[in-house]
>>> print(open('structure.cif').read())   # mmCIF, C-alpha atoms; chains and numbers go by the auth columns
data_query
loop_
_atom_site.group_PDB
_atom_site.id
_atom_site.type_symbol
_atom_site.label_atom_id
_atom_site.label_comp_id
_atom_site.label_asym_id
_atom_site.label_seq_id
_atom_site.Cartn_x
_atom_site.Cartn_y
_atom_site.Cartn_z
_atom_site.B_iso_or_equiv
_atom_site.auth_seq_id
_atom_site.auth_asym_id
ATOM 1 C CA MET A 1 -14.175 -29.549 27.248 0.00 671 N
ATOM 2 C CA HIS A 2 -12.751 -32.041 24.811 0.00 672 N
ATOM 3 C CA VAL A 3 -12.104 -31.982 21.077 0.00 673 N
ATOM 4 C CA GLU A 4 -11.377 -34.971 18.887 0.00 674 N
ATOM 5 C CA ALA A 5 -8.039 -35.331 17.121 0.00 675 N
ATOM 6 C CA TRP A 6 -9.658 -35.297 13.676 0.00 676 N
ATOM 7 C CA GLU A 7 -11.363 -31.990 14.490 0.00 677 N
ATOM 8 C CA ILE A 8 -8.092 -30.459 15.615 0.00 678 N
ATOM 9 C CA ALA A 9 -6.543 -31.501 12.313 0.00 679 N
ATOM 10 C CA ALA A 10 -9.540 -30.159 10.369 0.00 680 N
ATOM 11 C CA ARG A 11 -9.363 -26.783 12.054 0.00 681 N
ATOM 12 C CA LEU A 12 -5.636 -26.453 11.434 0.00 682 N
ATOM 13 C CA LEU A 13 -6.035 -27.503 7.795 0.00 683 N
ATOM 14 C CA LEU A 14 -8.841 -24.980 7.341 0.00 684 N
ATOM 15 C CA ALA A 15 -6.546 -22.275 8.750 0.00 685 N
ATOM 16 C CA VAL A 16 -3.802 -23.305 6.312 0.00 686 N
ATOM 17 C CA PHE A 17 -6.236 -23.211 3.387 0.00 687 N
ATOM 18 C CA LEU A 18 -7.868 -19.877 4.226 0.00 688 N
ATOM 19 C CA GLY A 19 -4.600 -18.174 5.104 0.00 689 N
ATOM 20 C CA GLY A 20 -3.068 -19.527 1.892 0.00 690 N
ATOM 21 C CA LEU A 21 -5.888 -18.090 -0.221 0.00 691 N
ATOM 22 C CA ILE A 22 -5.203 -14.592 1.058 0.00 692 N
ATOM 23 C CA GLY A 23 -1.456 -15.131 0.898 0.00 693 N
ATOM 24 C CA VAL A 24 -1.622 -16.083 -2.782 0.00 694 N
ATOM 25 C CA GLU A 25 -3.121 -12.709 -3.622 0.00 695 N
ATOM 26 C CA ARG A 26 -0.374 -10.878 -1.717 0.00 696 N
ATOM 27 C CA GLU A 27 2.326 -13.076 -3.292 0.00 697 N
ATOM 28 C CA ARG A 28 0.911 -12.397 -6.757 0.00 698 N
ATOM 29 C CA ILE A 29 1.716 -8.709 -6.489 0.00 699 N
ATOM 30 C CA SER A 30 5.085 -9.276 -4.739 0.00 700 N
ATOM 31 C CA ARG A 31 4.241 -7.899 -1.321 0.00 701 N
ATOM 32 C CA PRO A 32 6.717 -8.359 1.589 0.00 702 N
ATOM 33 C CA ALA A 33 4.389 -10.779 3.391 0.00 703 N
ATOM 34 C CA GLY A 34 3.152 -13.376 0.938 0.00 704 N
ATOM 35 C CA PHE A 35 1.929 -16.957 0.709 0.00 705 N
ATOM 36 C CA ARG A 36 3.991 -18.627 3.432 0.00 706 N
ATOM 37 C CA THR A 37 3.744 -15.723 5.889 0.00 707 N
ATOM 38 C CA HIS A 38 -0.049 -15.646 5.758 0.00 708 N
ATOM 39 C CA ILE A 39 -0.260 -19.426 6.198 0.00 709 N
ATOM 40 C CA LEU A 40 2.057 -19.297 9.207 0.00 710 N
ATOM 41 C CA VAL A 41 0.127 -16.463 10.819 0.00 711 N
ATOM 42 C CA CYS A 42 -3.225 -18.137 10.252 0.00 712 N
ATOM 43 C CA VAL A 43 -2.283 -21.644 11.385 0.00 713 N
ATOM 44 C CA GLY A 44 -0.289 -20.251 14.321 0.00 714 N
ATOM 45 C CA SER A 45 -3.289 -18.243 15.472 0.00 715 N
ATOM 46 C CA ALA A 46 -5.490 -21.336 15.132 0.00 716 N
ATOM 47 C CA LEU A 47 -3.081 -23.356 17.245 0.00 717 N
ATOM 48 C CA MET A 48 -2.980 -20.669 19.942 0.00 718 N
ATOM 49 C CA MET A 49 -6.767 -20.659 20.014 0.00 719 N
ATOM 50 C CA LEU A 50 -6.865 -24.450 20.321 0.00 720 N
ATOM 51 C CA VAL A 51 -4.334 -24.372 23.147 0.00 721 N
ATOM 52 C CA SER A 52 -6.224 -21.602 24.900 0.00 722 N
ATOM 53 C CA ALA A 53 -9.632 -23.279 24.568 0.00 723 N
ATOM 54 C CA TYR A 54 -8.704 -26.918 25.125 0.00 724 N
ATOM 55 C CA GLY A 55 -5.067 -27.175 26.171 0.00 725 N
ATOM 56 C CA PHE A 56 -5.616 -26.410 29.835 0.00 726 N
ATOM 57 C CA THR A 57 -8.562 -28.773 30.361 0.00 727 N
ATOM 58 C CA GLY A 58 -7.781 -30.835 33.424 0.00 728 N
ATOM 59 C CA GLN A 59 -4.703 -28.755 34.245 0.00 729 N
ATOM 60 C CA ILE A 60 -6.410 -26.445 36.695 0.00 730 N
ATOM 61 C CA GLY A 61 -8.067 -27.236 39.952 0.00 731 N
ATOM 62 C CA GLU A 62 -11.740 -27.852 40.509 0.00 732 N
ATOM 63 C CA GLY A 63 -13.811 -24.718 40.693 0.00 733 N
ATOM 64 C CA TYR A 64 -11.543 -22.704 38.390 0.00 734 N
ATOM 65 C CA LEU A 65 -12.395 -21.800 34.821 0.00 735 N
ATOM 66 C CA ALA A 66 -9.909 -21.192 31.994 0.00 736 N
ATOM 67 C CA ASP A 67 -10.325 -18.001 29.977 0.00 737 N
ATOM 68 C CA PRO A 68 -9.712 -18.821 26.293 0.00 738 N
ATOM 69 C CA GLY A 69 -9.950 -15.162 25.335 0.00 739 N
ATOM 70 C CA ARG A 70 -6.730 -14.174 27.087 0.00 740 N
ATOM 71 C CA ILE A 71 -4.368 -15.924 24.664 0.00 741 N
ATOM 72 C CA ALA A 72 -6.490 -14.733 21.734 0.00 742 N
ATOM 73 C CA ALA A 73 -6.044 -11.148 22.908 0.00 743 N
ATOM 74 C CA GLY A 74 -2.298 -11.714 23.123 0.00 744 N
ATOM 75 C CA VAL A 75 -2.235 -13.021 19.562 0.00 745 N
ATOM 76 C CA VAL A 76 -3.966 -9.916 18.241 0.00 746 N
ATOM 77 C CA THR A 77 -1.467 -7.687 20.067 0.00 747 N
ATOM 78 C CA GLY A 78 1.537 -9.657 18.844 0.00 748 N
ATOM 79 C CA ILE A 79 0.354 -9.623 15.237 0.00 749 N
ATOM 80 C CA GLY A 80 0.364 -5.829 15.375 0.00 750 N
ATOM 81 C CA PHE A 81 4.164 -5.862 15.692 0.00 751 N
ATOM 82 C CA LEU A 82 4.498 -8.287 12.788 0.00 752 N
ATOM 83 C CA GLY A 83 2.254 -6.144 10.617 0.00 753 N
ATOM 84 C CA ALA A 84 4.298 -3.052 11.450 0.00 754 N
ATOM 85 C CA GLY A 85 7.318 -4.770 9.915 0.00 755 N
ATOM 86 C CA THR A 86 5.619 -4.840 6.500 0.00 756 N
ATOM 87 C CA ILE A 87 5.037 -1.067 6.433 0.00 757 N
ATOM 88 C CA LEU A 88 7.696 0.815 4.512 0.00 758 N
ATOM 89 C CA GLN A 89 8.281 4.526 4.047 0.00 759 N
ATOM 90 C CA GLN A 90 9.802 5.500 0.737 0.00 760 N
ATOM 91 C CA ARG A 91 10.137 8.979 -0.754 0.00 761 N
ATOM 92 C CA GLY A 92 7.519 10.361 1.593 0.00 762 N
ATOM 93 C CA ASN A 93 4.983 7.613 0.836 0.00 763 N
ATOM 94 C CA VAL A 94 3.833 4.877 3.189 0.00 764 N
ATOM 95 C CA ARG A 95 3.512 1.435 1.641 0.00 765 N
ATOM 96 C CA GLY A 96 2.409 -1.894 3.065 0.00 766 N
ATOM 97 C CA LEU A 97 -0.638 -0.807 5.067 0.00 767 N
ATOM 98 C CA THR A 98 -2.911 -3.178 3.155 0.00 768 N
ATOM 99 C CA THR A 99 -0.539 -6.099 3.698 0.00 769 N
ATOM 100 C CA ALA A 100 -0.308 -5.266 7.397 0.00 770 N
ATOM 101 C CA ALA A 101 -4.112 -5.213 7.544 0.00 771 N
ATOM 102 C CA THR A 102 -4.369 -8.602 5.821 0.00 772 N
ATOM 103 C CA ILE A 103 -1.941 -10.121 8.329 0.00 773 N
ATOM 104 C CA TRP A 104 -4.102 -8.777 11.157 0.00 774 N
ATOM 105 C CA VAL A 105 -7.282 -10.133 9.559 0.00 775 N
ATOM 106 C CA VAL A 106 -5.623 -13.497 8.819 0.00 776 N
ATOM 107 C CA SER A 107 -4.787 -13.855 12.504 0.00 777 N
ATOM 108 C CA GLY A 108 -8.494 -13.371 13.235 0.00 778 N
ATOM 109 C CA VAL A 109 -9.380 -15.983 10.627 0.00 779 N
ATOM 110 C CA GLY A 110 -6.987 -18.385 12.321 0.00 780 N
ATOM 111 C CA LEU A 111 -8.500 -17.722 15.744 0.00 781 N
ATOM 112 C CA ALA A 112 -11.987 -18.308 14.349 0.00 782 N
ATOM 113 C CA ALA A 113 -10.926 -21.563 12.693 0.00 783 N
ATOM 114 C CA GLY A 114 -9.209 -22.710 15.880 0.00 784 N
ATOM 115 C CA VAL A 115 -12.273 -22.185 18.042 0.00 785 N
ATOM 116 C CA GLY A 116 -14.555 -23.864 15.483 0.00 786 N
ATOM 117 C CA PHE A 117 -16.264 -20.758 14.129 0.00 787 N
ATOM 118 C CA TYR A 118 -16.061 -22.071 10.575 0.00 788 N
ATOM 119 C CA LEU A 119 -18.689 -19.824 9.006 0.00 789 N
ATOM 120 C CA GLY A 120 -17.073 -16.663 10.344 0.00 790 N
ATOM 121 C CA ALA A 121 -13.610 -17.723 9.193 0.00 791 N
ATOM 122 C CA THR A 122 -14.809 -18.650 5.700 0.00 792 N
ATOM 123 C CA LEU A 123 -16.963 -15.567 5.155 0.00 793 N
ATOM 124 C CA THR A 124 -14.197 -13.269 6.392 0.00 794 N
ATOM 125 C CA THR A 125 -11.752 -14.836 3.930 0.00 795 N
ATOM 126 C CA PHE A 126 -14.275 -14.353 1.130 0.00 796 N
ATOM 127 C CA PHE A 127 -14.789 -10.686 1.996 0.00 797 N
ATOM 128 C CA VAL A 128 -11.027 -10.094 2.251 0.00 798 N
ATOM 129 C CA LEU A 129 -10.472 -11.580 -1.213 0.00 799 N
ATOM 130 C CA VAL A 130 -13.301 -9.492 -2.654 0.00 800 N
ATOM 131 C CA SER A 131 -11.717 -6.395 -1.126 0.00 801 N
ATOM 132 C CA LEU A 132 -8.236 -7.197 -2.414 0.00 802 N
ATOM 133 C CA LEU A 133 -9.144 -8.441 -5.889 0.00 803 N
ATOM 134 C CA LEU A 134 -12.233 -6.496 -6.922 0.00 804 N
ATOM 135 C CA LEU A 135 -12.271 -3.309 -4.876 0.00 805 N
ATOM 136 C CA ARG A 136 -8.706 -2.464 -5.928 0.00 806 N
ATOM 137 C CA ARG A 137 -9.935 -1.885 -9.461 0.00 807 N
ATOM 138 C CA ALA A 138 -12.689 0.383 -8.220 0.00 808 N
ATOM 139 C CA GLU A 139 -10.210 2.256 -6.017 0.00 809 N
ATOM 140 C CA ASN A 140 -7.796 2.730 -8.917 0.00 810 N
ATOM 141 C CA HIS A 141 -10.592 3.974 -11.141 0.00 811 N
ATOM 142 C CA PHE A 142 -12.434 6.303 -8.786 0.00 812 N
ATOM 143 C CA PHE A 143 -10.071 7.389 -6.027 0.00 813 N
ATOM 144 C CA ILE A 144 -6.404 7.323 -7.019 0.00 814 N
ATOM 145 C CA ARG A 145 -6.829 9.855 -9.810 0.00 815 N
ATOM 146 C CA ARG A 146 -8.527 12.192 -7.338 0.00 816 N
ATOM 147 C CA ARG A 147 -5.458 11.994 -5.067 0.00 817 N
ATOM 148 C CA LEU A 148 -3.000 12.710 -7.887 0.00 818 N
ATOM 149 C CA LYS A 149 -2.087 16.277 -8.791 0.00 819 N
ATOM 150 C CA HIS A 150 -1.516 17.425 -12.360 0.00 820 N
ATOM 151 C CA LEU A 151 1.664 19.392 -13.008 0.00 821 N
ATOM 152 C CA ARG A 152 2.496 20.544 -16.544 0.00 822 N
ATOM 153 C CA ILE A 153 5.914 21.915 -17.433 0.00 823 N
ATOM 154 C CA THR A 154 6.564 23.705 -20.705 0.00 824 N
ATOM 155 C CA ALA A 155 10.273 23.857 -21.463 0.00 825 N
ATOM 156 C CA VAL A 156 12.912 23.983 -24.156 0.00 826 N
ATOM 157 C CA ASP A 157 13.597 20.421 -25.245 0.00 827 N
ATOM 158 C CA GLN A 158 17.196 19.626 -24.311 0.00 828 N
ATOM 159 C CA PRO A 159 19.282 16.693 -23.047 0.00 829 N
ATOM 160 C CA GLY A 160 19.008 16.007 -19.315 0.00 830 N
ATOM 161 C CA LEU A 161 15.787 17.966 -18.832 0.00 831 N
ATOM 162 C CA LEU A 162 13.803 15.086 -17.322 0.00 832 N
ATOM 163 C CA GLY A 163 16.709 14.170 -15.067 0.00 833 N
ATOM 164 C CA GLN A 164 16.909 17.689 -13.657 0.00 834 N
ATOM 165 C CA ILE A 165 13.156 17.777 -13.049 0.00 835 N
ATOM 166 C CA GLY A 166 13.345 14.369 -11.393 0.00 836 N
ATOM 167 C CA LEU A 167 16.057 15.578 -9.013 0.00 837 N
ATOM 168 C CA VAL A 168 13.852 18.477 -7.917 0.00 838 N
ATOM 169 C CA PHE A 169 10.937 16.104 -7.342 0.00 839 N
ATOM 170 C CA GLY A 170 13.185 13.799 -5.339 0.00 840 N
ATOM 171 C CA GLU A 171 14.426 16.631 -3.111 0.00 841 N
ATOM 172 C CA LYS A 172 10.825 17.697 -2.422 0.00 842 N
ATOM 173 C CA MET A 173 9.633 14.108 -1.844 0.00 843 N
ATOM 174 C CA VAL A 174 7.236 14.289 -4.806 0.00 844 N
ATOM 175 C CA ASN A 175 6.310 10.877 -6.173 0.00 845 N
ATOM 176 C CA ILE A 176 5.745 10.671 -9.926 0.00 846 N
ATOM 177 C CA ARG A 177 2.934 8.217 -10.650 0.00 847 N
ATOM 178 C CA LYS A 178 2.611 8.950 -14.360 0.00 848 N
ATOM 179 C CA SER A 179 4.230 11.213 -16.974 0.00 849 N
ATOM 180 C CA GLU A 180 3.313 12.097 -20.539 0.00 850 N
ATOM 181 C CA LEU A 181 5.503 13.871 -23.089 0.00 851 N
ATOM 182 C CA GLY A 182 3.944 15.899 -25.850 0.00 852 N
ATOM 183 C CA GLU A 183 5.339 16.338 -29.315 0.00 853 N
ATOM 184 C CA PRO A 184 8.039 19.042 -29.595 0.00 854 N
ATOM 185 C CA GLU A 185 6.944 22.244 -31.323 0.00 855 N
ATOM 186 C CA THR A 186 9.298 24.719 -32.939 0.00 856 N
ATOM 187 C CA SER A 187 9.219 28.288 -31.651 0.00 857 N
ATOM 188 C CA GLY A 188 8.604 30.756 -34.480 0.00 858 N
ATOM 189 C CA LYS A 189 11.411 33.218 -33.811 0.00 859 N
ATOM 190 C CA SER A 190 14.185 31.348 -32.028 0.00 860 N
ATOM 191 C CA GLY A 191 13.701 28.011 -33.717 0.00 861 N
ATOM 192 C CA ALA A 192 14.009 26.198 -30.366 0.00 862 N
ATOM 193 C CA GLU A 193 11.915 23.096 -29.824 0.00 863 N
ATOM 194 C CA ILE A 194 9.372 23.511 -27.033 0.00 864 N
ATOM 195 C CA ILE A 195 7.866 20.497 -25.275 0.00 865 N
ATOM 196 C CA ASN A 196 5.000 20.024 -22.818 0.00 866 N
ATOM 197 C CA ILE A 197 5.529 17.443 -20.069 0.00 867 N
ATOM 198 C CA ASP A 198 2.527 16.360 -17.981 0.00 868 N
ATOM 199 C CA PHE A 199 3.212 14.834 -14.575 0.00 869 N
ATOM 200 C CA PHE A 200 0.645 13.169 -12.328 0.00 870 N
ATOM 201 C CA VAL A 201 2.188 13.268 -8.882 0.00 871 N
ATOM 202 C CA GLU A 202 1.618 12.579 -5.213 0.00 872 N
ATOM 203 C CA THR A 203 2.931 15.211 -2.844 0.00 873 N
ATOM 204 C CA PRO A 204 3.663 15.124 0.903 0.00 874 N
ATOM 205 C CA SER A 205 1.040 16.817 3.042 0.00 875 N
ATOM 206 C CA ASP A 206 3.553 19.386 4.329 0.00 876 N
ATOM 207 C CA ILE A 207 5.063 20.344 0.962 0.00 877 N
ATOM 208 C CA SER A 208 5.623 24.013 0.132 0.00 878 N
ATOM 209 C CA LEU A 209 4.312 24.428 -3.386 0.00 879 N
ATOM 210 C CA LYS A 210 6.017 27.812 -3.681 0.00 880 N
ATOM 211 C CA GLU A 211 9.409 26.224 -3.007 0.00 881 N
ATOM 212 C CA LEU A 212 8.650 23.464 -5.497 0.00 882 N
ATOM 213 C CA PHE A 213 7.692 25.940 -8.215 0.00 883 N
ATOM 214 C CA ASP A 214 10.704 28.154 -7.431 0.00 884 N
ATOM 215 C CA SER A 215 13.064 25.194 -7.750 0.00 885 N
ATOM 216 C CA LEU A 216 11.529 24.116 -11.053 0.00 886 N
ATOM 217 C CA SER A 217 11.532 27.668 -12.417 0.00 887 N
ATOM 218 C CA ALA A 218 15.247 27.941 -11.661 0.00 888 N
ATOM 219 C CA LEU A 219 16.048 25.107 -14.071 0.00 889 N
ATOM 220 C CA GLU A 220 17.470 26.137 -17.425 0.00 890 N
ATOM 221 C CA GLY A 221 14.911 26.227 -20.220 0.00 891 N
ATOM 222 C CA ILE A 222 11.731 26.118 -18.098 0.00 892 N
ATOM 223 C CA LYS A 223 9.189 28.440 -19.709 0.00 893 N
ATOM 224 C CA GLU A 224 5.893 27.735 -17.951 0.00 894 N
ATOM 225 C CA ILE A 225 4.564 25.719 -15.020 0.00 895 N
ATOM 226 C CA SER A 226 0.882 24.842 -14.569 0.00 896 N
ATOM 227 C CA TRP A 227 -0.596 23.284 -11.443 0.00 897 N
ATOM 228 C CA GLN A 228 -4.006 21.638 -11.650 0.00 898 N
ATOM 229 C CA GLY A 229 -4.647 23.447 -14.943 0.00 899 N
ATOM 230 C CA GLU A 230 -3.685 26.901 -13.639 0.00 900 N
ATOM 231 C CA VAL A 231 -0.500 28.689 -14.738 0.00 901 N
ATOM 232 C CA VAL A 232 1.621 29.420 -11.646 0.00 902 N
ATOM 233 C CA ARG A 233 4.957 30.371 -13.257 0.00 903 N
ATOM 234 C CA LYS A 234 5.597 31.872 -16.682 0.00 904 N
ATOM 235 C CA ASP A 235 8.701 33.159 -18.425 0.00 905 N
ATOM 236 C CA ASP A 236 7.640 35.763 -20.998 0.00 906 N
ATOM 237 C CA THR A 237 11.089 36.005 -22.610 0.00 907 N
ATOM 238 C CA GLU A 238 11.675 34.656 -26.113 0.00 908 N
ATOM 239 C CA TYR A 239 11.816 30.850 -26.209 0.00 909 N
ATOM 240 C CA GLY A 240 15.378 29.665 -26.469 0.00 910 N
ATOM 241 C CA LEU A 241 18.230 28.416 -24.350 0.00 911 N
ATOM 242 C CA LEU A 242 19.111 30.904 -21.618 0.00 912 N
#
>>> encode(input="structure.cif", output="structure tokens")
Amino acid sequence: MHVEAWEIAARLLLAVFLGGLIGVERERISRPAGFRTHILVCVGSALMMLVSAYGFTGQIGEGYLADPGRIAAGVVTGIGFLGAGTILQQRGNVRGLTTAATIWVVSGVGLAAGVGFYLGATLTTFFVLVSLLLLRRAENHFFIRRRLKHLRITAVDQPGLLGQIGLVFGEKMVNIRKSELGEPETSGKSGAEIINIDFFVETPSDISLKELFDSLSALEGIKEISWQGEVVRKDDTEYGLL
């Protein structure tokens, strides 16, 4: 088999363009693997495919056939290690899975461009961009809120309260995604200001909610704790500093 020089250049340029399109989206939201990384992965995969399909023509004896799929399989395996480097674990949460997936897909786009499967490479890039740009909004709207848990803490308003709560969350690997502070209300008898704090959190799968609630209840000034709208801890003593 033989391929013209202009077609080699066209396939490599297509890989650069398609990989760059996906890389721009990752770069836009400051992911570890961005514009240049995706271009390098895509054009490198295209080159490996070109070498595998056409580089050994005439280099083997008569009666033997080259297998272009062997190098392609090696590329897919190698990209797995590169993608693993973009996955981070922080405070019990795993980040970077989407970026790792895009690197894996980009390598496939490069292989398709290198072998001349232009339609497959282009359509795959289109679908990846739709998934990254449009489906994220749908995911944020419909799914993320369903994964978050609502924790409300009613406490005496005092300096350092949020910091103490944050330390407990940090020890229990609870990730705060959103918090809302209500307006302080004065208790009728003691005159202390009582505040409601709403947290929307992500929790590790192995968390002990009892230990979390016990730790929060032990903080000075905590009067009530509600989990998913249900009261789980309540201090019936008169509102005021303990």
>>> atom_distance(input="structure.cif", atom1="CA of Ala716 (chain N)", atom2="CA of Ser700 (chain N)")
25.5 Å
>>> closest_residue(input="structure.cif", among="N:Leu832, N:Val686, N:Met843, N:Leu851", to="Val871 (chain N)", atoms="all atoms listed in the file")
N:Met843
>>> resolve_selection(input="structure.cif", expression="the PyMOL selection byres ((chain N and resi 875-886) around 9)", output="list of chain:residue names")
N:Ile823, N:Gln834, N:Ile835, N:Val838, N:Phe839, N:Lys842, N:Met843, N:Val844, N:Thr873, N:Pro874, N:Ser887, N:Ala888, N:Leu889, N:Glu890, N:Ile892, N:Ile895, N:Val902, N:Arg903
>>> resolve_selection(input="structure.cif", expression="the PyMOL selection byres ((chain N and resi 706) around 12)", output="MDAnalysis selection string")
chainID N and resid 686:697 701:705 707:714 773
>>> atom_distance(input="structure.cif", atom1="CA of Gly840 (chain N)", atom2="CA of Ala825 (chain N)")
19.2 Å
>>> resolve_selection(input="structure.cif", expression="the PyMOL selection byres ((chain N and resi 781) around 9)", output="ChimeraX atom specification")
/N:685,712-720,742,745,776-780,782-787,791
>>> closest_residue(input="structure.cif", among="N:Glu900, N:Thr856, N:Phe797, N:Ala862", to="Gln828 (chain N)", atoms="only C-alpha atoms")
N:Ala862
>>> atom_distance(input="structure.cif", atom1="CA of Leu683 (chain N)", atom2="CA of Leu802 (chain N)")
22.8 Å
>>> closest_residue(input="structure.cif", among="N:Trp774, N:Tyr788, N:Trp897, N:Tyr724", to="Thr756 (chain N)", atoms="only C-alpha atoms")
N:Trp774
>>> closest_residue(input="structure.cif", among="N:Leu752, N:Ile741, N:Val721, N:Leu805", to="Val673 (chain N)", atoms="all atoms listed in the file")
N:Val721
>>> closest_residue(input="structure.cif", among="N:Ile699, N:Ile749, N:Ile865, N:Glu841", to="Thr772 (chain N)", atoms="all atoms listed in the file")
N:Ile749
>>> closest_residue(input="structure.cif", among="N:Arg822, N:Leu837, N:Ser849, N:Glu872", to="Ser896 (chain N)", atoms="all atoms listed in the file")
N:Arg822
